[in-house]
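What follows is the content of query_18.cif (mmCIF, N, CA and C atoms).
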data_upload
#
loop_
_atom_site.group_PDB
_atom_site.id
_atom_site.type_symbol
_atom_site.label_atom_id
_atom_site.label_comp_id
_atom_site.auth_asym_id
_atom_site.auth_seq_id
_atom_site.Cartn_x
_atom_site.Cartn_y
_atom_site.Cartn_z
ATOM 1 N N MET A 301 129.814 128.926 72.350
ATOM 2 C CA MET A 301 130.018 128.338 71.053
ATOM 3 C C MET A 301 131.052 127.223 71.145
ATOM 4 N N ALA A 302 130.908 126.249 70.278
ATOM 5 C CA ALA A 302 131.861 125.148 70.191
ATOM 6 C C ALA A 302 132.536 125.215 68.836
ATOM 7 N N THR A 303 133.201 124.147 68.456
ATOM 8 C CA THR A 303 133.871 124.113 67.172
ATOM 9 C C THR A 303 133.589 122.810 66.470
ATOM 10 N N MET A 304 133.853 122.763 65.162
ATOM 11 C CA MET A 304 133.619 121.534 64.400
ATOM 12 C C MET A 304 134.797 121.253 63.505
ATOM 13 N N THR A 305 135.311 120.059 63.588
ATOM 14 C CA THR A 305 136.414 119.647 62.743
ATOM 15 C C THR A 305 136.589 118.152 62.888
ATOM 16 N N THR A 306 137.527 117.576 62.174
ATOM 17 C CA THR A 306 137.760 116.143 62.319
ATOM 18 C C THR A 306 138.658 115.897 63.521
ATOM 19 N N ASP A 307 138.709 114.650 63.984
ATOM 20 C CA ASP A 307 139.474 114.326 65.185
ATOM 21 C C ASP A 307 140.940 114.728 65.100
ATOM 22 N N ASP A 308 141.545 114.628 63.896
ATOM 23 C CA ASP A 308 142.962 114.947 63.794
ATOM 24 C C ASP A 308 143.226 116.440 63.917
ATOM 25 N N GLU A 309 142.182 117.262 63.947
ATOM 26 C CA GLU A 309 142.355 118.694 64.113
ATOM 27 C C GLU A 309 141.952 119.163 65.508
ATOM 28 N N THR A 310 141.820 118.238 66.426
ATOM 29 C CA THR A 310 141.515 118.575 67.804
ATOM 30 C C THR A 310 142.804 119.013 68.494
ATOM 31 N N ILE A 311 142.723 120.088 69.237
ATOM 32 C CA ILE A 311 143.879 120.614 69.950
ATOM 33 C C ILE A 311 143.777 120.196 71.410
ATOM 34 N N CYS A 312 144.794 119.529 71.923
ATOM 35 C CA CYS A 312 144.786 119.076 73.314
ATOM 36 C C CYS A 312 145.951 119.698 74.070
ATOM 37 N N ASN A 313 145.699 120.040 75.320
ATOM 38 C CA ASN A 313 146.754 120.508 76.213
ATOM 39 C C ASN A 313 146.388 120.084 77.625
ATOM 40 N N GLU A 314 147.054 120.640 78.631
ATOM 41 C CA GLU A 314 146.796 120.229 80.013
ATOM 42 C C GLU A 314 145.390 120.582 80.492
ATOM 43 N N ASN A 315 144.709 121.498 79.801
ATOM 44 C CA ASN A 315 143.344 121.887 80.167
ATOM 45 C C ASN A 315 142.281 121.049 79.473
ATOM 46 N N GLY A 316 142.697 120.081 78.664
ATOM 47 C CA GLY A 316 141.741 119.243 77.950
ATOM 48 C C GLY A 316 141.852 119.438 76.451
ATOM 49 N N CYS A 317 140.851 118.965 75.744
ATOM 50 C CA CYS A 317 140.849 119.036 74.285
ATOM 51 C C CYS A 317 139.757 119.976 73.798
ATOM 52 N N ARG A 318 140.022 120.612 72.681
ATOM 53 C CA ARG A 318 139.019 121.443 72.030
ATOM 54 C C ARG A 318 139.225 121.346 70.525
ATOM 55 N N ARG A 319 138.181 121.638 69.824
ATOM 56 C CA ARG A 319 138.274 121.604 68.368
ATOM 57 C C ARG A 319 138.845 122.919 67.868
ATOM 58 N N LYS A 320 139.371 122.890 66.659
ATOM 59 C CA LYS A 320 140.091 124.019 66.104
ATOM 60 C C LYS A 320 139.194 125.135 65.553
ATOM 61 N N ASP A 321 138.063 124.789 64.964
ATOM 62 C CA ASP A 321 137.211 125.768 64.290
ATOM 63 C C ASP A 321 135.909 126.006 65.042
ATOM 64 N N PHE A 322 135.446 127.267 65.022
ATOM 65 C CA PHE A 322 134.167 127.595 65.647
ATOM 66 C C PHE A 322 133.018 126.953 64.898
ATOM 67 N N ARG A 323 132.011 126.538 65.633
ATOM 68 C CA ARG A 323 130.758 126.025 65.087
ATOM 69 C C ARG A 323 129.648 126.967 65.492
ATOM 70 N N ARG A 324 128.733 127.224 64.596
ATOM 71 C CA ARG A 324 127.547 128.030 64.897
ATOM 72 C C ARG A 324 126.370 127.083 64.963
ATOM 73 N N PHE A 325 125.675 127.057 66.100
ATOM 74 C CA PHE A 325 124.523 126.177 66.288
ATOM 75 C C PHE A 325 123.237 126.922 65.943
ATOM 76 N N PHE A 326 122.285 126.188 65.367
ATOM 77 C CA PHE A 326 120.995 126.748 64.999
ATOM 78 C C PHE A 326 119.910 125.950 65.702
ATOM 79 N N GLU A 327 119.092 126.641 66.472
ATOM 80 C CA GLU A 327 118.038 125.996 67.245
ATOM 81 C C GLU A 327 116.790 125.808 66.388
ATOM 82 N N ALA A 328 115.896 124.936 66.834
ATOM 83 C CA ALA A 328 114.663 124.649 66.106
ATOM 84 C C ALA A 328 113.779 125.890 65.964
ATOM 85 N N ASN A 329 113.874 126.828 66.926
ATOM 86 C CA ASN A 329 113.058 128.037 66.839
ATOM 87 C C ASN A 329 113.663 129.088 65.910
ATOM 88 N N GLN A 330 114.894 128.883 65.453
ATOM 89 C CA GLN A 330 115.549 129.741 64.470
ATOM 90 C C GLN A 330 116.199 128.847 63.418
ATOM 91 N N PRO A 331 115.380 128.091 62.668
ATOM 92 C CA PRO A 331 115.951 127.089 61.774
ATOM 93 C C PRO A 331 116.669 127.674 60.567
ATOM 94 N N LEU A 332 117.661 126.942 60.121
ATOM 95 C CA LEU A 332 118.398 127.219 58.898
ATOM 96 C C LEU A 332 118.339 125.926 58.101
ATOM 97 N N TYR A 333 117.994 126.017 56.835
ATOM 98 C CA TYR A 333 117.835 124.814 56.025
ATOM 99 C C TYR A 333 118.845 124.761 54.892
ATOM 100 N N ALA A 334 119.278 123.555 54.573
ATOM 101 C CA ALA A 334 120.160 123.303 53.435
ATOM 102 C C ALA A 334 119.346 122.598 52.360
ATOM 103 N N HIS A 335 119.472 123.075 51.149
ATOM 104 C CA HIS A 335 118.870 122.426 49.990
ATOM 105 C C HIS A 335 119.944 121.497 49.431
ATOM 106 N N CYS A 336 119.686 120.193 49.446
ATOM 107 C CA CYS A 336 120.715 119.192 49.178
ATOM 108 C C CYS A 336 120.416 118.378 47.931
ATOM 109 N N LEU A 337 121.492 117.871 47.328
ATOM 110 C CA LEU A 337 121.389 116.979 46.181
ATOM 111 C C LEU A 337 122.419 115.871 46.357
ATOM 112 N N THR A 338 121.949 114.623 46.322
ATOM 113 C CA THR A 338 122.827 113.451 46.378
ATOM 114 C C THR A 338 122.405 112.504 45.260
ATOM 115 N N LYS A 339 123.070 111.372 45.182
ATOM 116 C CA LYS A 339 122.689 110.367 44.180
ATOM 117 C C LYS A 339 121.289 109.814 44.448
ATOM 118 N N TYR A 340 120.758 110.069 45.648
ATOM 119 C CA TYR A 340 119.426 109.606 46.018
ATOM 120 C C TYR A 340 118.332 110.606 45.663
ATOM 121 N N GLY A 341 118.708 111.813 45.248
ATOM 122 C CA GLY A 341 117.729 112.825 44.880
ATOM 123 C C GLY A 341 117.928 114.135 45.636
ATOM 124 N N GLU A 342 116.945 115.010 45.491
ATOM 125 C CA GLU A 342 116.970 116.319 46.132
ATOM 126 C C GLU A 342 116.136 116.295 47.409
ATOM 127 N N PHE A 343 116.575 117.081 48.411
ATOM 128 C CA PHE A 343 115.827 117.191 49.654
ATOM 129 C C PHE A 343 116.285 118.426 50.407
ATOM 130 N N LYS A 344 115.529 118.778 51.417
ATOM 131 C CA LYS A 344 115.825 119.942 52.260
ATOM 132 C C LYS A 344 115.908 119.449 53.692
ATOM 133 N N GLU A 345 116.981 119.821 54.402
ATOM 134 C CA GLU A 345 117.175 119.390 55.795
ATOM 135 C C GLU A 345 117.599 120.572 56.661
ATOM 136 N N ARG A 346 117.312 120.457 57.946
ATOM 137 C CA ARG A 346 117.678 121.505 58.908
ATOM 138 C C ARG A 346 119.165 121.423 59.250
ATOM 139 N N VAL A 347 119.818 122.576 59.245
ATOM 140 C CA VAL A 347 121.221 122.675 59.650
ATOM 141 C C VAL A 347 121.259 122.750 61.166
ATOM 142 N N GLN A 348 121.941 121.794 61.786
ATOM 143 C CA GLN A 348 122.072 121.819 63.248
ATOM 144 C C GLN A 348 123.242 122.705 63.651
ATOM 145 N N ASN A 349 124.360 122.590 62.914
ATOM 146 C CA ASN A 349 125.487 123.485 63.158
ATOM 147 C C ASN A 349 126.311 123.625 61.895
ATOM 148 N N LEU A 350 127.082 124.711 61.843
ATOM 149 C CA LEU A 350 127.829 125.088 60.653
ATOM 150 C C LEU A 350 129.184 125.638 61.066
ATOM 151 N N SER A 351 130.235 125.247 60.345
ATOM 152 C CA SER A 351 131.570 125.799 60.573
ATOM 153 C C SER A 351 132.217 126.061 59.223
ATOM 154 N N ALA A 352 133.424 126.571 59.234
ATOM 155 C CA ALA A 352 134.157 126.809 57.993
ATOM 156 C C ALA A 352 134.503 125.500 57.295
ATOM 157 N N LYS A 353 134.562 124.410 58.032
ATOM 158 C CA LYS A 353 134.963 123.116 57.468
ATOM 159 C C LYS A 353 133.801 122.220 57.084
ATOM 160 N N GLY A 354 132.593 122.486 57.612
ATOM 161 C CA GLY A 354 131.493 121.598 57.298
ATOM 162 C C GLY A 354 130.204 121.967 57.994
ATOM 163 N N VAL A 355 129.275 121.020 57.934
ATOM 164 C CA VAL A 355 127.928 121.244 58.428
ATOM 165 C C VAL A 355 127.401 119.930 59.004
ATOM 166 N N PHE A 356 126.536 120.040 60.007
ATOM 167 C CA PHE A 356 125.837 118.864 60.511
ATOM 168 C C PHE A 356 124.370 119.048 60.176
ATOM 169 N N LEU A 357 123.810 118.092 59.422
ATOM 170 C CA LEU A 357 122.419 118.142 59.006
ATOM 171 C C LEU A 357 121.588 117.201 59.858
ATOM 172 N N ALA A 358 120.510 117.714 60.427
ATOM 173 C CA ALA A 358 119.587 116.889 61.196
ATOM 174 C C ALA A 358 118.712 116.139 60.187
ATOM 175 N N THR A 359 118.919 114.837 60.069
ATOM 176 C CA THR A 359 118.169 114.049 59.094
ATOM 177 C C THR A 359 118.051 112.603 59.540
ATOM 178 N N ARG A 360 117.038 111.955 59.038
ATOM 179 C CA ARG A 360 116.866 110.519 59.246
ATOM 180 C C ARG A 360 116.983 109.779 57.916
ATOM 181 N N ARG A 361 117.426 110.475 56.885
ATOM 182 C CA ARG A 361 117.576 109.862 55.568
ATOM 183 C C ARG A 361 118.660 108.795 55.582
ATOM 184 N N LYS A 362 118.494 107.824 54.726
ATOM 185 C CA LYS A 362 119.470 106.742 54.582
ATOM 186 C C LYS A 362 120.620 107.234 53.703
ATOM 187 N N LEU A 363 121.656 107.749 54.341
ATOM 188 C CA LEU A 363 122.861 108.202 53.660
ATOM 189 C C LEU A 363 124.028 107.408 54.214
ATOM 190 N N SER A 364 125.137 107.415 53.505
ATOM 191 C CA SER A 364 126.296 106.621 53.933
ATOM 192 C C SER A 364 127.551 107.473 54.010
ATOM 193 N N VAL A 365 128.454 107.093 54.896
ATOM 194 C CA VAL A 365 129.762 107.737 54.943
ATOM 195 C C VAL A 365 130.399 107.560 53.574
ATOM 196 N N GLY A 366 130.953 108.639 53.059
ATOM 197 C CA GLY A 366 131.572 108.623 51.742
ATOM 198 C C GLY A 366 130.672 109.157 50.643
ATOM 199 N N ASP A 367 129.355 109.251 50.897
ATOM 200 C CA ASP A 367 128.450 109.817 49.895
ATOM 201 C C ASP A 367 128.816 111.265 49.617
ATOM 202 N N GLU A 368 128.750 111.648 48.341
ATOM 203 C CA GLU A 368 128.949 113.038 47.959
ATOM 204 C C GLU A 368 127.625 113.777 48.063
ATOM 205 N N ILE A 369 127.708 115.056 48.401
ATOM 206 C CA ILE A 369 126.510 115.877 48.561
ATOM 207 C C ILE A 369 126.817 117.291 48.080
ATOM 208 N N ALA A 370 125.873 117.865 47.367
ATOM 209 C CA ALA A 370 125.951 119.276 46.973
ATOM 210 C C ALA A 370 124.857 119.992 47.744
ATOM 211 N N MET A 371 125.147 121.206 48.183
ATOM 212 C CA MET A 371 124.147 121.920 48.976
ATOM 213 C C MET A 371 124.210 123.418 48.768
ATOM 214 N N THR A 372 123.059 124.020 48.983
ATOM 215 C CA THR A 372 122.922 125.472 49.015
ATOM 216 C C THR A 372 122.282 125.807 50.351
ATOM 217 N N ILE A 373 122.914 126.726 51.082
ATOM 218 C CA ILE A 373 122.410 127.129 52.395
ATOM 219 C C ILE A 373 122.190 128.638 52.361
ATOM 220 N N PRO A 374 120.932 129.082 52.255
ATOM 221 C CA PRO A 374 120.670 130.525 52.254
ATOM 222 C C PRO A 374 120.811 131.104 53.663
ATOM 223 N N LEU A 375 121.626 132.134 53.791
ATOM 224 C CA LEU A 375 121.804 132.837 55.064
ATOM 225 C C LEU A 375 120.985 134.122 54.968
ATOM 226 N N VAL A 376 119.723 134.024 55.294
ATOM 227 C CA VAL A 376 118.761 135.096 55.056
ATOM 228 C C VAL A 376 119.162 136.392 55.751
ATOM 229 N N HIS A 377 119.549 136.320 57.019
ATOM 230 C CA HIS A 377 119.885 137.538 57.767
ATOM 231 C C HIS A 377 121.134 138.221 57.229
ATOM 232 N N ALA A 378 122.051 137.451 56.646
ATOM 233 C CA ALA A 378 123.280 138.025 56.091
ATOM 234 C C ALA A 378 123.119 138.375 54.616
ATOM 235 N N LYS A 379 121.962 138.051 54.042
ATOM 236 C CA LYS A 379 121.708 138.262 52.616
ATOM 237 C C LYS A 379 122.819 137.630 51.785
ATOM 238 N N ALA A 380 123.158 136.400 52.154
ATOM 239 C CA ALA A 380 124.221 135.662 51.478
ATOM 240 C C ALA A 380 123.781 134.212 51.327
ATOM 241 N N MET A 381 124.604 133.451 50.621
ATOM 242 C CA MET A 381 124.291 132.057 50.384
ATOM 243 C C MET A 381 125.599 131.259 50.345
ATOM 244 N N ILE A 382 125.566 130.074 50.941
ATOM 245 C CA ILE A 382 126.701 129.154 50.855
ATOM 246 C C ILE A 382 126.339 128.102 49.825
ATOM 247 N N ARG A 383 127.193 127.918 48.838
ATOM 248 C CA ARG A 383 127.049 126.832 47.865
ATOM 249 C C ARG A 383 128.296 125.993 47.994
ATOM 250 N N ALA A 384 128.115 124.695 48.231
ATOM 251 C CA ALA A 384 129.269 123.839 48.479
ATOM 252 C C ALA A 384 129.000 122.402 48.060
ATOM 253 N N THR A 385 130.074 121.692 47.844
ATOM 254 C CA THR A 385 130.001 120.242 47.707
ATOM 255 C C THR A 385 130.783 119.671 48.875
ATOM 256 N N GLY A 386 130.437 118.457 49.255
ATOM 257 C CA GLY A 386 131.115 117.847 50.381
ATOM 258 C C GLY A 386 130.942 116.349 50.389
ATOM 259 N N GLU A 387 131.459 115.771 51.451
ATOM 260 C CA GLU A 387 131.397 114.326 51.645
ATOM 261 C C GLU A 387 130.877 114.046 53.043
ATOM 262 N N ILE A 388 129.999 113.073 53.144
ATOM 263 C CA ILE A 388 129.490 112.674 54.454
ATOM 264 C C ILE A 388 130.598 111.919 55.176
ATOM 265 N N ILE A 389 130.983 112.425 56.342
ATOM 266 C CA ILE A 389 132.094 111.821 57.093
ATOM 267 C C ILE A 389 131.648 111.213 58.414
ATOM 268 N N ARG A 390 130.388 111.473 58.804
ATOM 269 C CA ARG A 390 129.913 110.950 60.086
ATOM 270 C C ARG A 390 128.411 110.751 60.037
ATOM 271 N N LEU A 391 127.955 109.664 60.646
ATOM 272 C CA LEU A 391 126.530 109.370 60.800
ATOM 273 C C LEU A 391 126.237 109.117 62.262
ATOM 274 N N ASP A 392 125.117 109.599 62.747
ATOM 275 C CA ASP A 392 124.640 109.187 64.066
ATOM 276 C C ASP A 392 123.122 109.272 64.068
ATOM 277 N N SER A 393 122.511 109.004 65.191
ATOM 278 C CA SER A 393 121.045 108.938 65.257
ATOM 279 C C SER A 393 120.377 110.294 65.004
ATOM 280 N N GLU A 394 121.138 111.376 65.103
ATOM 281 C CA GLU A 394 120.577 112.716 64.916
ATOM 282 C C GLU A 394 120.759 113.258 63.514
ATOM 283 N N GLY A 395 121.688 112.672 62.734
ATOM 284 C CA GLY A 395 121.903 113.194 61.390
ATOM 285 C C GLY A 395 123.247 112.813 60.819
ATOM 286 N N VAL A 396 123.755 113.693 59.933
ATOM 287 C CA VAL A 396 125.017 113.424 59.238
ATOM 288 C C VAL A 396 125.951 114.625 59.317
ATOM 289 N N GLY A 397 127.240 114.335 59.443
ATOM 290 C CA GLY A 397 128.272 115.358 59.389
ATOM 291 C C GLY A 397 128.854 115.391 57.993
ATOM 292 N N VAL A 398 128.918 116.580 57.409
ATOM 293 C CA VAL A 398 129.435 116.763 56.055
ATOM 294 C C VAL A 398 130.682 117.633 56.126
ATOM 295 N N GLU A 399 131.749 117.164 55.520
ATOM 296 C CA GLU A 399 132.967 117.967 55.394
ATOM 297 C C GLU A 399 132.953 118.617 54.023
ATOM 298 N N PHE A 400 133.086 119.947 53.992
ATOM 299 C CA PHE A 400 133.105 120.654 52.717
ATOM 300 C C PHE A 400 134.338 120.268 51.930
ATOM 301 N N ARG A 401 134.159 120.076 50.621
ATOM 302 C CA ARG A 401 135.270 119.831 49.694
ATOM 303 C C ARG A 401 135.550 121.080 48.873
ATOM 304 N N VAL A 402 134.461 121.658 48.324
ATOM 305 C CA VAL A 402 134.579 122.888 47.521
ATOM 306 C C VAL A 402 133.469 123.837 47.964
ATOM 307 N N ILE A 403 133.848 125.072 48.238
ATOM 308 C CA ILE A 403 132.872 126.117 48.558
ATOM 309 C C ILE A 403 132.931 127.126 47.416
ATOM 310 N N PHE A 404 131.785 127.369 46.791
ATOM 311 C CA PHE A 404 131.721 128.261 45.652
ATOM 312 C C PHE A 404 131.398 129.676 46.098
ATOM 313 N N ASN A 405 132.001 130.653 45.437
ATOM 314 C CA ASN A 405 131.644 132.046 45.689
ATOM 315 C C ASN A 405 130.292 132.301 45.089
ATOM 316 N N TYR A 406 129.427 132.980 45.840
ATOM 317 C CA TYR A 406 128.102 133.280 45.341
ATOM 318 C C TYR A 406 127.735 134.682 45.751
#

So that I can check it, write out the structure of this file as structure tokens.
Amino acid sequence: MATMTTDDETICNENGCRRKDFRRFFEANQPLYAHCLTKYGEFKERVQNLSAKGVFLATRRKLSVGDEIAMTIPLVHAKAMIRATGEIIRLDSEGVGVEFRVIFNY
């Protein structure tokens, strides 16, 4: 397992650098989907990885850094659901990184 956080939360020492928070990766054969809402509309995207601080969504949608996003992520095996709002903080050819702003109890 790896971790997910912003660069300023990376911990470095003589053994190298690592991120502060654990990330959970989801493979294509065990997909997890987020139901999303932005100013561009509603859509569903595959969660590539998830941490306490945010999520990386595999998408080719035209989104921008700074865009606000609301999402619901059903965790079927845990019989739970994550409801959160966040901000897109990273874009790359594989998708977008979202930092959670508010996580709602559900």

Atom C of Glu368 in chain A to atom N of Leu332 in chain A, distance in Å rounded to a single decimal: 20.4 Å

Would you list the residues near (125.9, 112.0, 65.3), meaning any protein, DNA or RNA residue with an atom at most 12 Å from that point in file coordinates, counting only C-alpha atoms, as a PDB file with N, CA and C atoms, in the frame of the given file?
ATOM      1  N   GLN A 348     121.941 121.794  61.786  1.00  0.00           N
ATOM      2  CA  GLN A 348     122.072 121.819  63.248  1.00  0.00           C
ATOM      3  C   GLN A 348     123.242 122.705  63.651  1.00  0.00           C
ATOM      4  N   ASN A 349     124.360 122.590  62.914  1.00  0.00           N
ATOM      5  CA  ASN A 349     125.487 123.485  63.158  1.00  0.00           C
ATOM      6  C   ASN A 349     126.311 123.625  61.895  1.00  0.00           C
ATOM      7  N   VAL A 355     129.275 121.020  57.934  1.00  0.00           N
ATOM      8  CA  VAL A 355     127.928 121.244  58.428  1.00  0.00           C
ATOM      9  C   VAL A 355     127.401 119.930  59.004  1.00  0.00           C
ATOM     10  N   PHE A 356     126.536 120.040  60.007  1.00  0.00           N
ATOM     11  CA  PHE A 356     125.837 118.864  60.511  1.00  0.00           C
ATOM     12  C   PHE A 356     124.370 119.048  60.176  1.00  0.00           C
ATOM     13  N   LEU A 357     123.810 118.092  59.422  1.00  0.00           N
ATOM     14  CA  LEU A 357     122.419 118.142  59.006  1.00  0.00           C
ATOM     15  C   LEU A 357     121.588 117.201  59.858  1.00  0.00           C
ATOM     16  N   ALA A 358     120.510 117.714  60.427  1.00  0.00           N
ATOM     17  CA  ALA A 358     119.587 116.889  61.196  1.00  0.00           C
ATOM     18  C   ALA A 358     118.712 116.139  60.187  1.00  0.00           C
ATOM     19  N   THR A 359     118.919 114.837  60.069  1.00  0.00           N
ATOM     20  CA  THR A 359     118.169 114.049  59.094  1.00  0.00           C
ATOM     21  C   THR A 359     118.051 112.603  59.540  1.00  0.00           C
ATOM     22  N   ARG A 360     117.038 111.955  59.038  1.00  0.00           N
ATOM     23  CA  ARG A 360     116.866 110.519  59.246  1.00  0.00           C
ATOM     24  C   ARG A 360     116.983 109.779  57.916  1.00  0.00           C
ATOM     25  N   VAL A 365     128.454 107.093  54.896  1.00  0.00           N
ATOM     26  CA  VAL A 365     129.762 107.737  54.943  1.00  0.00           C
ATOM     27  C   VAL A 365     130.399 107.560  53.574  1.00  0.00           C
ATOM     28  N   ILE A 388     129.999 113.073  53.144  1.00  0.00           N
ATOM     29  CA  ILE A 388     129.490 112.674  54.454  1.00  0.00           C
ATOM     30  C   ILE A 388     130.598 111.919  55.176  1.00  0.00           C
ATOM     31  N   ILE A 389     130.983 112.425  56.342  1.00  0.00           N
ATOM     32  CA  ILE A 389     132.094 111.821  57.093  1.00  0.00           C
ATOM     33  C   ILE A 389     131.648 111.213  58.414  1.00  0.00           C
ATOM     34  N   ARG A 390     130.388 111.473  58.804  1.00  0.00           N
ATOM     35  CA  ARG A 390     129.913 110.950  60.086  1.00  0.00           C
ATOM     36  C   ARG A 390     128.411 110.751  60.037  1.00  0.00           C
ATOM     37  N   LEU A 391     127.955 109.664  60.646  1.00  0.00           N
ATOM     38  CA  LEU A 391     126.530 109.370  60.800  1.00  0.00           C
ATOM     39  C   LEU A 391     126.237 109.117  62.262  1.00  0.00           C
ATOM     40  N   ASP A 392     125.117 109.599  62.747  1.00  0.00           N
ATOM     41  CA  ASP A 392     124.640 109.187  64.066  1.00  0.00           C
ATOM     42  C   ASP A 392     123.122 109.272  64.068  1.00  0.00           C
ATOM     43  N   SER A 393     122.511 109.004  65.191  1.00  0.00           N
ATOM     44  CA  SER A 393     121.045 108.938  65.257  1.00  0.00           C
ATOM     45  C   SER A 393     120.377 110.294  65.004  1.00  0.00           C
ATOM     46  N   GLU A 394     121.138 111.376  65.103  1.00  0.00           N
ATOM     47  CA  GLU A 394     120.577 112.716  64.916  1.00  0.00           C
ATOM     48  C   GLU A 394     120.759 113.258  63.514  1.00  0.00           C
ATOM     49  N   GLY A 395     121.688 112.672  62.734  1.00  0.00           N
ATOM     50  CA  GLY A 395     121.903 113.194  61.390  1.00  0.00           C
ATOM     51  C   GLY A 395     123.247 112.813  60.819  1.00  0.00           C
ATOM     52  N   VAL A 396     123.755 113.693  59.933  1.00  0.00           N
ATOM     53  CA  VAL A 396     125.017 113.424  59.238  1.00  0.00           C
ATOM     54  C   VAL A 396     125.951 114.625  59.317  1.00  0.00           C
ATOM     55  N   GLY A 397     127.240 114.335  59.443  1.00  0.00           N
ATOM     56  CA  GLY A 397     128.272 115.358  59.389  1.00  0.00           C
ATOM     57  C   GLY A 397     128.854 115.391  57.993  1.00  0.00           C
ATOM     58  N   VAL A 398     128.918 116.580  57.409  1.00  0.00           N
ATOM     59  CA  VAL A 398     129.435 116.763  56.055  1.00  0.00           C
ATOM     60  C   VAL A 398     130.682 117.633  56.126  1.00  0.00           C
TER      61      VAL A 398
END

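In this structure, CA of Pro331 in chain A sits 22.2 Å away from atom C of Phe404 in chain A.
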
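Separating CA of Lys362 in chain A from CA of Met381 in chain A is a distance of 26.1 Å.
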
Answer key for the PyMOL selection byres ((chain A and resi 345) around 6), residues as a PDB file with N, CA and C atoms, in the frame of the given file:
ATOM      1  N   LEU A 332     117.661 126.942  60.121  1.00  0.00           N
ATOM      2  CA  LEU A 332     118.398 127.219  58.898  1.00  0.00           C
ATOM      3  C   LEU A 332     118.339 125.926  58.101  1.00  0.00           C
ATOM      4  N   TYR A 333     117.994 126.017  56.835  1.00  0.00           N
ATOM      5  CA  TYR A 333     117.835 124.814  56.025  1.00  0.00           C
ATOM      6  C   TYR A 333     118.845 124.761  54.892  1.00  0.00           C
ATOM      7  N   ALA A 334     119.278 123.555  54.573  1.00  0.00           N
ATOM      8  CA  ALA A 334     120.160 123.303  53.435  1.00  0.00           C
ATOM      9  C   ALA A 334     119.346 122.598  52.360  1.00  0.00           C
ATOM     10  N   HIS A 335     119.472 123.075  51.149  1.00  0.00           N
ATOM     11  CA  HIS A 335     118.870 122.426  49.990  1.00  0.00           C
ATOM     12  C   HIS A 335     119.944 121.497  49.431  1.00  0.00           C
ATOM     13  N   CYS A 336     119.686 120.193  49.446  1.00  0.00           N
ATOM     14  CA  CYS A 336     120.715 119.192  49.178  1.00  0.00           C
ATOM     15  C   CYS A 336     120.416 118.378  47.931  1.00  0.00           C
ATOM     16  N   PHE A 343     116.575 117.081  48.411  1.00  0.00           N
ATOM     17  CA  PHE A 343     115.827 117.191  49.654  1.00  0.00           C
ATOM     18  C   PHE A 343     116.285 118.426  50.407  1.00  0.00           C
ATOM     19  N   LYS A 344     115.529 118.778  51.417  1.00  0.00           N
ATOM     20  CA  LYS A 344     115.825 119.942  52.260  1.00  0.00           C
ATOM     21  C   LYS A 344     115.908 119.449  53.692  1.00  0.00           C
ATOM     22  N   ARG A 346     117.312 120.457  57.946  1.00  0.00           N
ATOM     23  CA  ARG A 346     117.678 121.505  58.908  1.00  0.00           C
ATOM     24  C   ARG A 346     119.165 121.423  59.250  1.00  0.00           C
ATOM     25  N   VAL A 347     119.818 122.576  59.245  1.00  0.00           N
ATOM     26  CA  VAL A 347     121.221 122.675  59.650  1.00  0.00           C
ATOM     27  C   VAL A 347     121.259 122.750  61.166  1.00  0.00           C
ATOM     28  N   LEU A 357     123.810 118.092  59.422  1.00  0.00           N
ATOM     29  CA  LEU A 357     122.419 118.142  59.006  1.00  0.00           C
ATOM     30  C   LEU A 357     121.588 117.201  59.858  1.00  0.00           C
ATOM     31  N   ALA A 358     120.510 117.714  60.427  1.00  0.00           N
ATOM     32  CA  ALA A 358     119.587 116.889  61.196  1.00  0.00           C
ATOM     33  C   ALA A 358     118.712 116.139  60.187  1.00  0.00           C
TER      34      ALA A 358
END

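Proximity to Ile403 in chain A was assessed for A:Ile382, A:Leu350, A:Ile369, A:Leu363 counting all atoms listed in the file; the smallest distance is recorded for A:Ile382.
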
Box dimensions and centre (Å, one decimal) enclosing range 345-348 of chain A, axis-aligned, 4 Å extra per side, as lines of an AutoDock Vina configuration file:
center_x = 120.1
center_y = 121.1
center_z = 59.0
size_x = 14.3
size_y = 11.4
size_z = 17.2

In file coordinates, which residues lie within 6 Å of (130.6, 125.0, 45.2) using only N, CA and C atoms, given as a list in words? Arg383, Ala384, Thr385, Val402, Ile403, Phe404 and Asn405 of chain A

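Nearest residue to Glu342 in chain A, choosing from A:Arg324, A:Phe400, A:Ala370, A:Ala380 and counting only C-alpha atoms: A:Ala370.
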